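Structure file run-v1.cif with mmCIF, C-alpha atoms:
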data_query
loop_
_atom_site.label_atom_id
_atom_site.label_comp_id
_atom_site.auth_asym_id
_atom_site.auth_seq_id
_atom_site.Cartn_x
_atom_site.Cartn_y
_atom_site.Cartn_z
CA PRO A 1 185.74 -24.93 83.79
CA SER A 2 185.03 -21.75 81.87
CA ASP A 3 187.23 -18.67 82.23
CA GLU A 4 184.57 -17.04 84.39
CA GLU A 5 184.41 -20.07 86.69
CA MET A 6 188.20 -19.98 86.95
CA ARG A 7 188.09 -16.28 87.88
CA GLN A 8 185.58 -17.04 90.63
CA GLN A 9 187.85 -19.78 91.98
CA ILE A 10 190.83 -17.39 91.90
CA LYS A 11 188.78 -14.85 93.84
CA GLN A 12 187.90 -17.51 96.42
CA LEU A 13 191.52 -18.62 96.74
CA ASN A 14 192.74 -15.03 97.10
CA TYR A 15 190.31 -14.51 99.97
CA ALA A 16 191.46 -17.73 101.65
CA ARG A 17 195.08 -16.67 101.32
CA ARG A 18 194.36 -13.27 102.83
CA LEU A 19 192.84 -15.05 105.81
CA GLY A 20 195.85 -17.35 106.03
CA GLN A 21 198.24 -14.42 105.80
CA ALA A 22 196.40 -12.64 108.61
CA CYS A 23 196.63 -15.77 110.78
CA ALA A 24 200.33 -16.22 110.03
CA GLU A 25 201.34 -12.61 110.58
CA THR A 26 199.34 -12.27 113.80
CA TRP A 27 201.06 -15.45 114.99
CA MET A 28 204.52 -14.22 113.99
CA ALA A 29 204.06 -10.84 115.70
CA ALA A 30 202.55 -12.20 118.93
CA LYS A 31 204.40 -11.79 122.20
CA TYR A 32 203.28 -15.29 123.19
CA VAL A 33 202.93 -18.10 120.62
CA PRO A 34 199.14 -18.59 120.63
CA SER A 35 198.93 -22.34 119.91
CA TYR A 36 200.83 -25.42 118.82
CA GLY A 37 203.10 -25.26 115.78
CA PHE A 38 201.03 -28.00 114.15
CA ASP A 39 198.03 -25.64 114.14
CA TYR A 40 200.09 -22.96 112.42
CA ARG A 41 201.34 -25.34 109.74
CA PHE A 42 197.85 -26.70 109.14
CA LEU A 43 196.27 -23.26 108.74
CA ILE A 44 198.74 -21.96 106.19
CA ALA A 45 198.51 -25.22 104.21
CA LEU A 46 194.72 -25.00 104.33
CA ALA A 47 194.77 -21.41 103.07
CA ASN A 48 197.03 -22.34 100.17
CA ASP A 49 195.23 -25.43 98.97
CA LEU A 50 191.66 -25.26 100.37
CA LEU A 51 191.82 -28.93 101.24
CA GLY A 52 188.55 -30.81 100.79
CA ASP A 53 185.51 -28.51 100.70
CA PRO A 54 186.60 -24.92 99.86
CA VAL A 55 183.58 -23.37 101.60
CA ALA A 56 184.22 -25.33 104.79
CA ALA A 57 187.95 -24.53 104.58
CA ILE A 58 187.23 -20.80 104.40
CA GLN A 59 184.87 -21.02 107.37
CA ILE A 60 187.63 -22.73 109.39
CA LEU A 61 190.08 -19.99 108.39
CA GLU A 62 187.63 -17.23 109.38
CA LEU A 63 187.09 -18.82 112.79
CA ALA A 64 190.82 -19.45 113.24
CA LYS A 65 191.68 -15.85 112.40
CA LYS A 66 189.18 -14.60 114.98
CA GLU A 67 190.41 -16.97 117.70
CA ILE A 68 194.11 -16.27 117.07
CA GLU A 69 193.50 -12.52 117.21
CA GLU A 70 191.56 -12.91 120.47
CA ARG A 71 194.26 -15.09 122.04
CA VAL A 72 197.01 -12.67 121.02
CA THR A 73 195.06 -9.66 122.30
CA MET A 74 194.49 -11.39 125.64
CA GLY A 75 198.08 -12.65 125.86
CA VAL A 76 197.11 -16.32 125.89
CA LYS A 77 199.87 -18.70 124.85
CA GLY A 78 199.53 -22.25 123.57
CA ILE A 79 199.40 -24.99 126.19
CA GLU A 80 202.86 -26.51 126.73
CA VAL A 81 204.50 -23.87 124.51
CA ALA A 82 207.30 -22.11 126.39
CA GLU A 83 206.64 -18.55 127.53
CA ASP A 84 209.76 -17.32 125.76
CA PRO A 85 210.65 -20.07 123.27
CA VAL A 86 213.54 -20.24 120.84
CA ARG A 87 211.86 -19.04 117.66
CA LEU A 88 212.58 -21.01 114.48
CA PHE A 89 212.05 -20.24 110.79
CA VAL A 90 211.91 -23.35 108.57
CA CYS A 91 213.08 -23.34 104.95
CA GLY A 92 212.83 -26.02 102.29
CA SER A 93 209.99 -27.96 100.70
CA CYS A 94 208.20 -31.17 101.70
CA TYR A 95 209.53 -30.91 105.24
CA THR A 96 208.45 -29.73 108.63
CA PRO A 97 210.07 -30.62 111.94
CA ASN A 98 208.09 -32.49 114.55
CA THR A 99 206.61 -29.40 116.19
CA TYR A 100 205.68 -31.27 119.36
CA ARG A 101 209.33 -32.30 119.84
CA VAL A 102 210.45 -28.74 119.12
CA GLU A 103 208.04 -27.37 121.72
CA ALA A 104 209.02 -30.00 124.27
CA SER A 105 212.63 -28.83 123.95
CA GLY A 106 211.64 -25.18 124.47
CA GLY A 107 211.37 -24.03 120.87
CA ALA A 108 208.57 -22.92 118.56
CA VAL A 109 208.24 -22.80 114.77
CA VAL A 110 206.96 -19.35 113.83
CA GLY A 111 207.64 -19.23 110.09
CA TYR A 112 208.00 -21.26 106.90
CA ASP A 113 209.26 -20.08 103.54
CA ASP A 114 207.56 -22.80 101.48
CA GLN A 115 203.95 -22.29 102.58
CA TYR A 116 203.91 -18.78 104.01
CA ASN A 117 205.42 -17.10 100.93
CA ARG A 118 202.50 -18.22 98.75
CA LEU A 119 200.01 -16.49 101.03
CA LEU A 120 201.55 -13.14 100.12
CA ILE A 121 200.76 -13.36 96.39
CA GLN A 122 197.33 -12.52 95.00
CA ALA A 123 196.44 -13.65 91.45
CA ASP A 124 194.74 -11.09 89.22
CA GLU A 125 190.98 -11.68 89.35
CA THR A 126 190.36 -10.18 85.88
CA GLY A 127 191.64 -11.06 82.43
CA ASP A 128 192.98 -14.45 81.37
CA PRO A 129 192.81 -16.64 84.51
CA TYR A 130 195.57 -18.99 83.36
CA ARG A 131 198.00 -16.15 82.75
CA SER A 132 197.05 -14.70 86.14
CA LEU A 133 197.81 -17.98 87.90
CA ALA A 134 201.09 -18.44 86.03
CA LYS A 135 202.20 -14.89 86.86
CA ALA A 136 201.30 -15.40 90.52
CA VAL A 137 203.30 -18.65 90.77
CA LEU A 138 206.36 -17.02 89.20
CA SER A 139 206.07 -14.18 91.73
CA TYR A 140 206.39 -16.39 94.82
CA PRO A 141 209.53 -15.44 96.81
CA TYR A 142 210.27 -19.18 96.95
CA GLU A 143 210.56 -19.24 93.14
CA LEU A 144 212.90 -16.26 92.78
CA SER A 145 216.66 -16.48 92.35
CA THR A 146 218.54 -18.00 95.28
CA GLU A 147 219.92 -14.63 96.36
CA GLU A 148 216.51 -12.91 96.18
CA ARG A 149 214.93 -15.80 98.08
CA ALA A 150 217.61 -15.53 100.77
CA HIS A 151 217.03 -11.79 101.18
CA TRP A 152 213.29 -12.42 101.54
CA ILE A 153 213.90 -15.15 104.15
CA ALA A 154 216.20 -12.84 106.11
CA GLY A 155 213.50 -10.17 106.19
CA ALA A 156 210.74 -12.60 107.13
CA ALA A 157 212.88 -14.17 109.87
CA ARG A 158 213.68 -10.76 111.36
CA LYS A 159 209.98 -9.85 111.21
CA ALA A 160 209.15 -13.03 113.15
CA ARG A 161 211.97 -12.29 115.66
CA CYS A 162 213.56 -15.66 114.93
CA ASN A 163 216.57 -16.97 116.80
CA GLY A 164 217.50 -19.60 114.21
CA ILE A 165 216.87 -20.97 110.71
CA ILE A 166 216.46 -24.62 109.76
CA PHE A 167 216.96 -25.32 106.07
CA ALA A 168 215.96 -28.95 105.48
CA PHE A 169 215.65 -30.93 102.30
CA ASN A 170 214.91 -34.50 101.35
CA TRP A 171 217.75 -36.66 100.10
CA GLY A 172 218.02 -36.42 96.33
CA CYS A 173 216.31 -33.03 96.02
CA GLN A 174 219.00 -31.37 93.94
CA TYR A 175 217.24 -28.00 93.81
CA GLN A 176 216.97 -27.53 97.58
CA SER A 177 220.24 -29.21 98.52
CA ALA A 178 222.13 -27.07 96.02
CA VAL A 179 220.90 -23.76 97.47
CA ALA A 180 220.62 -24.57 101.20
CA ARG A 181 224.13 -23.51 102.18
CA MET A 182 224.08 -20.34 100.08
CA VAL A 183 220.71 -19.29 101.53
CA GLY A 184 221.87 -20.05 105.08
CA GLU A 185 225.08 -18.06 104.71
CA ILE A 186 223.30 -15.03 103.21
CA VAL A 187 220.68 -15.04 106.00
CA LYS A 188 223.39 -15.47 108.65
CA LYS A 189 225.37 -12.53 107.23
CA GLU A 190 222.38 -10.26 106.61
CA ALA A 191 220.27 -10.98 109.69
CA GLY A 192 222.83 -12.42 112.11
CA ILE A 193 220.75 -15.57 112.57
CA PRO A 194 222.43 -19.01 112.90
CA TYR A 195 221.22 -21.80 110.63
CA LEU A 196 221.07 -25.58 110.61
CA GLN A 197 221.31 -27.42 107.30
CA LEU A 198 219.49 -30.71 107.51
CA GLU A 199 219.18 -33.57 105.03
CA VAL A 200 216.31 -35.96 105.76
CA ASP A 201 214.61 -38.98 104.23
CA SER A 202 211.17 -38.10 105.53
CA LEU A 203 209.35 -37.73 102.19
CA THR A 204 208.83 -41.47 101.65
CA LEU A 205 211.34 -43.11 104.02
CA PHE A 206 212.00 -42.66 107.70
CA GLU A 207 215.52 -43.98 108.34
CA GLN A 208 216.80 -40.58 109.50
CA LEU A 209 213.67 -39.21 111.17
CA GLU A 210 214.83 -39.73 114.75
CA GLN A 211 218.30 -38.42 113.90
CA SER A 212 216.89 -35.24 112.34
CA GLU A 213 214.67 -34.62 115.37
CA ASN A 214 217.63 -35.08 117.71
CA ARG A 215 219.70 -32.61 115.68
CA THR A 216 216.83 -30.12 115.75
CA GLU A 217 216.56 -30.40 119.53
CA ALA A 218 220.33 -29.94 119.87
CA PHE A 219 220.08 -26.83 117.66
CA VAL A 220 217.35 -25.42 119.92
CA GLU A 221 219.56 -26.04 122.97
CA MET A 222 222.47 -24.27 121.26
CA LEU A 223 220.26 -21.28 120.46
CA PHE A 224 219.19 -21.14 124.12
CA ASP A 225 222.84 -20.88 125.13
CA LEU A 226 223.46 -18.12 122.56
CA ARG A 227 220.54 -16.13 123.95
CA LYS A 228 221.94 -16.08 127.49
#

Since I need it in another form, could you write the structure as structure tokens?
Amino acid sequence: PSDEEMRQQIKQLNYARRLGQACAETWMAAKYVPSYGFDYRFLIALANDLLGDPVAAIQILELAKKEIEERVTMGVKGIEVAEDPVRLFVCGSCYTPNTYRVEASGGAVVGYDDQYNRLLIQADETGDPYRSLAKAVLSYPYELSTEERAHWIAGAARKARCNGIIFAFNWGCQYQSAVARMVGEIVKKEAGIPYLQLEVDSLTLFEQLEQSENRTEAFVEMLFDLRK
């Protein structure tokens, strides 16, 4: 594509990400979680990548933003989501807990560092589009130093009123496994939020899937006890 076509695509993506950010932040601030965690994960992924047809994806995001805002305004919570769930913030790439299992145990995922952080960055819509995209990628909180990333996570988790952090990584991912403990300890010290470090094989294998879900449910139960 030409530079002008690239700039138009950047403009479109920026708009989609603003919609996704509005959905995410309305969700995070809501008194009652407005829908299933799977819906939340899908919407922020859709806003980041415009899966399939970009025009259709943006229409879905516009409708989702309107519905989420209406549900939050009216105090409508998601079906089978607890009225006052244990609120979880998930860190790490290529991983999300089974949100249905989390909700069945009385929890709710209300934040992700991997997907949500990208919604916050807008690429420059003028000038060299490739430089604009590169600068935007390097500005993601996820791509900053480990300490800066941890400070950002602590702030985002407090904003979402989270009770706990799950930092999960796939076996063999040296980048995530090397920083998980440091991030968790910084967030625990700065925000006073407990964390669970979780190694999984769920990227291509599933040997530990049931085990990781059981550990997540046990973590939710522990957080319930701490809240009492």

Query raised in the report: From the set A:Ile165, A:Leu46, A:Ile68, A:Ile186, which residue has the shortest atom-to-atom contact distance to Phe219 of chain A, counting all atoms listed in the file?
Result: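 Using all atoms listed in the file, Phe219 of chain A sits closest to A:Ile165.
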
Requested in this report: To one decimal in Å, tell me the separation between atom CA of Val220 of chain A and atom CA of Gln115 of chain A.
Outcome: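 So the two atoms, atom CA of Val220 of chain A and atom CA of Gln115 of chain A, lie 22.1 Å apart.
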
Query - Selection: 12 Å around Gln8 of chain A, only C-alpha atoms, excl. self and same-chain fewer than 6 positions, as a VMD selection string - result: chain A and resid 1 to 2 14 to 15 123 to 127 129

**Report entry** Residue nearest Phe167 of chain A - candidates A:Leu223, A:Leu119, A:Val90, A:Lys189, atoms counted: all atoms listed in the file
**Finding:**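 Between A:Leu223, A:Leu119, A:Val90, A:Lys189, the residue approaching Phe167 of chain A most closely is A:Val90.
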
Query raised in the report: Expressed in Å to a single decimal, how great is the separation between atom CA of Asp39 of chain A and atom CA of Arg18 of chain A?
Result: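 Computing it gives 17.2 Å between the two atoms.
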
Query raised in the report: Which value, in Å to one decimal, gives the distance between atom CA of Ala30 of chain A and atom CA of Val76 of chain A?
Result: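 Answer for the atom CA of Ala30 of chain A to atom CA of Val76 of chain A separation: 9.7 Å.
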
Report task. Run through the PyMOL selection byres ((chain A and resi 78-86) around 8) on the given coordinates and return the selected residues as a list in words. Result -> Tyr32, Val33, Pro34, Ser35, Tyr36, Val76, Lys77, Arg87, Leu88, Glu103, Ala104, Gly106, Gly107, Ala108, Cys162, Asn163, Gly164, Val220, Leu223 and Phe224 of chain A

Requested in this report: List every protein, DNA or RNA residue with an atom no more than 9 Å from (207.6, -21.3, 96.3) in the file's coordinates, counting all atoms listed in the file, and format the result as a list of chain:residue names.
Outcome: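 Answer for this query, in the requested form: A:Ser93, A:Asp113, A:Asp114, A:Gln115, A:Tyr116, A:Asn117, A:Arg118, A:Val137, A:Leu138, A:Ser139, A:Tyr140, A:Pro141, A:Tyr142, A:Glu143, A:Leu144.
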
Query - Residues matched by the PyMOL selection byres ((chain A and resi 92) around 9) as a list in words - result: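 In the shown coordinates, the PyMOL selection byres ((chain A and resi 92) around 9) covers Val90, Cys91, Ser93, Cys94, Tyr95, Thr96, Tyr112, Asp113, Asp114, Ile166, Phe167, Ala168, Phe169, Asn170, Gln176, Ser177 and Ala180 of chain A.
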
Using only C-alpha atoms, please write the residues we just selected to a file, as a PDB file, in the frame of the given file.
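Once everything was written out, this is result_6.pdb:
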ATOM      1  CA  VAL A  90     211.910 -23.350 108.570  1.00  0.00           C
ATOM      2  CA  CYS A  91     213.080 -23.340 104.950  1.00  0.00           C
ATOM      3  CA  SER A  93     209.990 -27.960 100.700  1.00  0.00           C
ATOM      4  CA  CYS A  94     208.200 -31.170 101.700  1.00  0.00           C
ATOM      5  CA  TYR A  95     209.530 -30.910 105.240  1.00  0.00           C
ATOM      6  CA  THR A  96     208.450 -29.730 108.630  1.00  0.00           C
ATOM      7  CA  TYR A 112     208.000 -21.260 106.900  1.00  0.00           C
ATOM      8  CA  ASP A 113     209.260 -20.080 103.540  1.00  0.00           C
ATOM      9  CA  ASP A 114     207.560 -22.800 101.480  1.00  0.00           C
ATOM     10  CA  ILE A 166     216.460 -24.620 109.760  1.00  0.00           C
ATOM     11  CA  PHE A 167     216.960 -25.320 106.070  1.00  0.00           C
ATOM     12  CA  ALA A 168     215.960 -28.950 105.480  1.00  0.00           C
ATOM     13  CA  PHE A 169     215.650 -30.930 102.300  1.00  0.00           C
ATOM     14  CA  ASN A 170     214.910 -34.500 101.350  1.00  0.00           C
ATOM     15  CA  GLN A 176     216.970 -27.530  97.580  1.00  0.00           C
ATOM     16  CA  SER A 177     220.240 -29.210  98.520  1.00  0.00           C
ATOM     17  CA  ALA A 180     220.620 -24.570 101.200  1.00  0.00           C
TER      18      ALA A 180
END

Report task. Check the smallest atom-to-atom distance from each of A:Arg17, A:Arg149, A:Arg101, A:Lys31 to Gly75 of chain A using only C-alpha atoms, then report the winner. Result -> A:Lys31
